[in-house]
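Student: Could you have a look at this structure, given as C-alpha cells, before my questions?
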Amino acid sequence: MSRRFAAPLTAVDRVGTCTATRVEAVKEIVADDPYLAGHYPDFTIYPGVFTLESVHQAVRLWAREHRGGGATADLVRIDSLSFAAPLLPGDTLHIGCDVAGDADDPHLVRVRARCTRGDGTLAARATLGLRIREEGDSAPAPGAVPASGTAPAPAPGGTRAPGAAPVLDHAPVLDHAAVRRVLPHRHPVLLVDEVAELVPGEHVVATKAVAGSEPCYADLAEDLPGSAYAYPASLLVESFGQSGAVLWLRTAEAAGTPVRGTLVFGSARDVSITGSARPGQVLRHVVRIDRTIGDNVLMEGEIWAGGERIATVGSVLAAVRGGLSAAAP
C-alpha cells in the first residue's frame with residue numbers, strides 16, 4: 001500500500017481504540033522489516049526511534065479520523081522519551097496514546113504514550129507535541145520559526161560555528177569507511193556518511209546526505225506535494241544519535257577505556273523540531289558531550305540542513321549495555 005508521507009517502515013499494523021482522546025495500535029516486530037537487517041547484523045533489534053515512529057504513525061491515523069480525512073500530524077516536540085526494554089523479532093508492540101489539545105494553539109496536540117511488549121513489559125514512554133495540518137499544506141521548511149516564537153540562532157560573531165555551514169571546507173576527519181569501523185550499524189540504517197570535526201570528550205560534527213532513493217521514500221504515492229518528502233523525524237533522531245555514538249566511542253578510545261558492550265539509545269528530552277530536510281540536502285549534526293556518568297553519557301546539540309537549524313536536542317542519554325537480551329533493560 002502506498003503512503004502519503006515518508007516513513008522508514010509501516011510502524012502500525014492495526015488500530016484498535018480510536019476515540020477523540022485516545023488511540024491504541026499494534027505493531028508486529030518482524031526481522032524482514034525495512035532497516036532492521038542493519039540494526040544490528042549480528043543481533044536484530046527494533047530501533048528505539050522506530051518505537052517513536054510507531055507512536056507518530058498512530059497519531060497520524062488518529063488525526064485522519066478525528067481532524068478530517070485530509071489531516072496529518074508532524075512531530076515538533078519530544079518533551080521526554082525513554083526506553084525500558086528492547087523489542088526483538090517475534091515481539092508485539094502495543095501502543096497506547098492519550099491525545100489532548102493545547103490551550104494556546106488549536107493546531108497542536110499533546111500526546112502521552114505508553115508502549116508495551118506482548119508480555120506486558122514496559123518498552124517505552126513518551127510525551128510529545130504534534131502539529132496537525134492539512135495534507136496539502138506545507139510542512140515546516142528548514143529555518144521555520146518554532147512554536148515558541150524564537151527564530152533559529154545564527155552562527156555567533158558571523159563566523160562558522162560547528163555545523164552552521166552546509167558545505168565542508170576541509171577534508172573529513174573520518175570518511176565513510178572509517179565511520180563503518182566505528183559504528184556497528186549497517187545498510188540501510190547506517191545514517192552517518194562522514195565526520196567533519198571530532199574533538200574527543202567535547203564535540204563532533206557529522207554529516208548525512210538525504211537521497212530520494214532511500215527506503216523511506218520507496219512506497220510514497222505519486223503526485224504528492226513536496227511536504228510529503230520531509231525526511232522522517234525518527235530518522236533525524238537516529239542519525240543524530242549515531243553521530244553522538246561516534247563521539248562517545250572515539251572519546252572512550254582516546255581515554256584508553258574502549259567501550260565493552262553495545263551503545264544503546266536510553267532517552268531523549270527537550271527536542272524541538274522546527275524544520276525539515278528533503279532529498280538533495282545534507283544533514284549536519286553538531287553533538288556535544290554534556291557529562292558522563294559511569295557507562296552513560298548525556299549529549300546535546302543541533303541538526304542543520306541547507307545552512308539552517310532544523311532541530312535542537314536538549315539531552316540524549318546513551319548507555320553501554322553488555323549481553324542484550326529480551327529481558328535486558
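Labeling convention for the C-alpha cells: chains A, B, ... as they appear, residues from 1 per chain, ligands from 1 in order of appearance.
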Write out as a list in words the residues lying within 10 Å of Val192 of chain A, counting only C-alpha atoms and excluding same-chain residues fewer than 5 positions away.

Tutor: Asp175, His176, Val179, Arg180, Leu183, His185, Ala206, Thr207, Lys208, Ala209, Glu238, Ser239, Phe240, Gly241, Gln242, Ser243, Val246, Leu283, Arg284 and His285 of chain A

Student: Tell me, as a ChimeraX atom specification, which residues lie within 8 Å of Thr72 of chain A, counting only C-alpha atoms; anything in the same chain fewer than 6 positions away does not count.

Tutor: /A:60-61,63-64,132-135

Student: Store the residues picked out above in a file with C-alpha atoms, as a PDB file, in the first residue's frame.

Tutor:
```
ATOM      1  CA  ARG A  60      -1.317  10.375  12.236  1.00  0.00           C
ATOM      2  CA  LEU A  61      -4.088   7.787  11.913  1.00  0.00           C
ATOM      3  CA  ALA A  63      -5.655  12.816  13.056  1.00  0.00           C
ATOM      4  CA  ARG A  64      -7.254  11.462   9.886  1.00  0.00           C
ATOM      5  CA  ILE A 132      -1.973  18.990  12.894  1.00  0.00           C
ATOM      6  CA  ARG A 133      -2.170  20.281   9.333  1.00  0.00           C
ATOM      7  CA  GLU A 134      -3.980  19.558   6.121  1.00  0.00           C
ATOM      8  CA  GLU A 135      -2.075  17.111   3.952  1.00  0.00           C
TER       9      GLU A 135
END
```

Student: Can you tell me, as a PyMOL selection string, which residues in segment 103-317 of chain A count as alpha helix (DSSP H) by DSSP?

Tutor: chain A and resi 176-182+233-254

Student: Which residue is closest to Phe50 of chain A? Choose from A:Ala123, A:Val287, A:Ala311, A:Leu298 and count only C-alpha atoms.

Tutor: A:Ala123

Student: Quick one: of A:Val204, A:Val76, A:Ala268, A:Gly212, who's nearest to Val286 of chain A, counting only C-alpha atoms?

Tutor: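 Checking each of A:Val204, A:Val76, A:Ala268, A:Gly212 against Val286 of chain A, counting only C-alpha atoms, the winner is A:Val204.
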
Student: When you look at Thr257 of chain A with a cut-off of 12 Å (counting only C-alpha atoms), what residues show up, excluding the ones that are within fewer than 4 positions of it in the same chain? I need them as JSON, numbers by chain.

Tutor: {"A": [248, 249, 250, 251, 252, 253, 294, 295]}

Student: Just how far from atom CA of Cys97 of chain A is atom CA of Gly118 of chain A, in Å to one decimal?

Tutor: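 So the two atoms, atom CA of Gly118 of chain A and atom CA of Cys97 of chain A, lie 16.4 Å apart.
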
Student: Go through A:Thr19, A:Gln281, A:Ser234, A:Asn296 one by one, measure the shortest atom-to-atom distance of each to Ala7 of chain A using only C-alpha atoms, and give the residue with the smallest value.

Tutor: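 Of A:Thr19, A:Gln281, A:Ser234, A:Asn296, the one nearest Ala7 of chain A, counting only C-alpha atoms, is A:Ser234.
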
Student: Quick one: everything within 9 Å of Gly38 of chain A, counting only C-alpha atoms, minus sequence neighbours fewer than 2 positions away in the same chain. Send it as a PyMOL selection string.

Tutor: chain A and resi 35-36+40-42+44+184-190

Student: For the residues in the current selection, export all heavy atoms as a compact mmCIF listing (two decimals), in the first residue's frame.

Tutor:
```txt
# COMPACT_ATOMS: atom_id res chain seq x y z
N TYR A 35 15.11 -1.69 7.18
CA TYR A 35 16.11 -1.13 8.08
C TYR A 35 16.57 -2.11 9.16
O TYR A 35 17.66 -1.96 9.70
CB TYR A 35 15.62 0.16 8.77
CG TYR A 35 15.52 1.36 7.88
CD1 TYR A 35 14.35 1.64 7.17
CD2 TYR A 35 16.58 2.24 7.73
CE1 TYR A 35 14.25 2.73 6.34
CE2 TYR A 35 16.49 3.35 6.91
CZ TYR A 35 15.33 3.60 6.21
OH TYR A 35 15.23 4.70 5.40
N LEU A 36 15.77 -3.12 9.52
CA LEU A 36 16.14 -3.94 10.67
C LEU A 36 17.38 -4.79 10.44
O LEU A 36 18.12 -5.06 11.39
CB LEU A 36 14.96 -4.83 11.11
CG LEU A 36 14.17 -4.27 12.31
CD1 LEU A 36 13.49 -2.98 11.94
CD2 LEU A 36 13.18 -5.29 12.83
N TYR A 40 20.99 -4.86 14.54
CA TYR A 40 22.38 -4.90 14.09
C TYR A 40 22.56 -6.21 13.33
O TYR A 40 21.79 -7.16 13.55
CB TYR A 40 23.33 -4.84 15.28
CG TYR A 40 23.19 -3.57 16.08
CD1 TYR A 40 22.48 -3.56 17.26
CD2 TYR A 40 23.77 -2.39 15.62
CE1 TYR A 40 22.36 -2.39 18.00
CE2 TYR A 40 23.66 -1.22 16.35
CZ TYR A 40 22.95 -1.23 17.54
OH TYR A 40 22.82 -0.07 18.25
N PRO A 41 23.57 -6.33 12.44
CA PRO A 41 23.70 -7.54 11.64
C PRO A 41 23.82 -8.81 12.47
O PRO A 41 23.36 -9.88 12.06
CB PRO A 41 24.98 -7.28 10.83
CG PRO A 41 25.05 -5.79 10.73
CD PRO A 41 24.53 -5.28 12.04
N ASP A 42 24.45 -8.73 13.65
CA ASP A 42 24.64 -9.93 14.46
C ASP A 42 23.59 -10.07 15.57
O ASP A 42 23.61 -11.04 16.33
CB ASP A 42 26.04 -9.94 15.09
CG ASP A 42 26.31 -8.70 15.93
OD1 ASP A 42 25.54 -7.73 15.81
OD2 ASP A 42 27.30 -8.70 16.69
N THR A 44 19.54 -8.64 15.66
CA THR A 44 18.49 -7.75 15.17
C THR A 44 17.62 -7.26 16.32
O THR A 44 17.10 -8.04 17.10
CB THR A 44 17.62 -8.47 14.13
OG1 THR A 44 18.46 -8.92 13.07
CG2 THR A 44 16.56 -7.53 13.57
N PRO A 184 28.49 -0.04 14.71
CA PRO A 184 28.06 -1.40 14.36
C PRO A 184 26.91 -1.41 13.35
O PRO A 184 26.56 -2.47 12.83
CB PRO A 184 27.60 -1.97 15.70
CG PRO A 184 27.11 -0.79 16.46
CD PRO A 184 28.00 0.35 16.05
N HIS A 185 26.27 -0.27 13.09
CA HIS A 185 25.14 -0.19 12.17
C HIS A 185 25.59 -0.48 10.74
O HIS A 185 26.72 -0.18 10.35
CB HIS A 185 24.50 1.20 12.21
CG HIS A 185 24.18 1.68 13.59
ND1 HIS A 185 25.15 2.11 14.48
CD2 HIS A 185 23.00 1.81 14.24
CE1 HIS A 185 24.58 2.47 15.61
NE2 HIS A 185 23.28 2.31 15.49
N ARG A 186 24.66 -1.01 9.94
CA ARG A 186 24.95 -1.27 8.54
C ARG A 186 23.75 -0.88 7.69
O ARG A 186 22.67 -0.56 8.19
CB ARG A 186 25.29 -2.77 8.34
CG ARG A 186 26.69 -3.13 8.88
CD ARG A 186 27.80 -2.38 8.17
NE ARG A 186 29.13 -2.68 8.71
CZ ARG A 186 29.77 -1.92 9.60
NH1 ARG A 186 29.18 -0.84 10.11
NH2 ARG A 186 30.98 -2.25 10.00
N HIS A 187 23.96 -0.89 6.37
CA HIS A 187 22.92 -0.51 5.42
C HIS A 187 21.64 -1.29 5.71
O HIS A 187 21.68 -2.49 5.98
CB HIS A 187 23.40 -0.80 4.00
CG HIS A 187 22.37 -0.53 2.95
ND1 HIS A 187 22.14 0.72 2.45
CD2 HIS A 187 21.49 -1.35 2.33
CE1 HIS A 187 21.17 0.67 1.56
NE2 HIS A 187 20.76 -0.59 1.47
N PRO A 188 20.48 -0.61 5.65
CA PRO A 188 20.28 0.79 5.29
C PRO A 188 20.09 1.72 6.49
O PRO A 188 19.60 2.83 6.33
CB PRO A 188 18.99 0.73 4.48
CG PRO A 188 18.20 -0.35 5.17
CD PRO A 188 19.20 -1.36 5.67
N VAL A 189 20.49 1.27 7.70
CA VAL A 189 20.26 2.08 8.88
C VAL A 189 21.55 2.72 9.39
O VAL A 189 21.57 3.30 10.45
CB VAL A 189 19.58 1.24 9.99
CG1 VAL A 189 20.57 0.33 10.70
CG2 VAL A 189 18.83 2.12 10.99
N LEU A 190 22.63 2.66 8.62
CA LEU A 190 23.83 3.42 8.94
C LEU A 190 23.63 4.83 8.40
O LEU A 190 23.67 5.07 7.19
CB LEU A 190 25.07 2.77 8.32
CG LEU A 190 26.40 3.50 8.50
CD1 LEU A 190 26.69 3.80 9.96
CD2 LEU A 190 27.53 2.69 7.88
```

Student: Give me the residues near His107 of chain A as a PyMOL selection string, where near means some atom within 10 Å (using only C-alpha atoms) and where sequence neighbours in that chain fewer than 4 positions away do not count.

Tutor: chain A and resi 67+73+101-103+130-133

Student: Mind giving me the straight-line distance from atom CA of Val271 of chain A to atom CA of Thr51 of chain A in Å, one decimal?

Tutor: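 These atoms are spaced 16.2 Å apart.
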
Student: Taking into account only C-alpha atoms, which residue in the set A:Arg260, A:Arg114, A:Arg181, A:Arg3 is nearest to Val55 of chain A?

Tutor: A:Arg114

Student: Which one is closest to Ile310 of chain A: A:Thr262, A:Ser54, A:Ala255, A:Arg77? Count only C-alpha atoms.

Tutor: A:Arg77

Student: Could you check which of A:Leu52, A:Ala37, A:Ile95, A:Ala25 is closest to Arg117 of chain A, using only C-alpha atoms?

Tutor: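 Between A:Leu52, A:Ala37, A:Ile95, A:Ala25, the residue approaching Arg117 of chain A most closely is A:Ile95.
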
Student: Which residues are near Val23 of chain A? Cut-off 9 Å, only C-alpha atoms, ignore same chain within fewer than 2 positions. Put them as a list in words.

Tutor: Val15, Gly16, Thr17, Cys18, Thr19, Ala20, Thr21, Ala25, Ala58, Val59, Leu61, Trp62, Ile95, Gly96, Cys97, Asp98 and Val99 of chain A
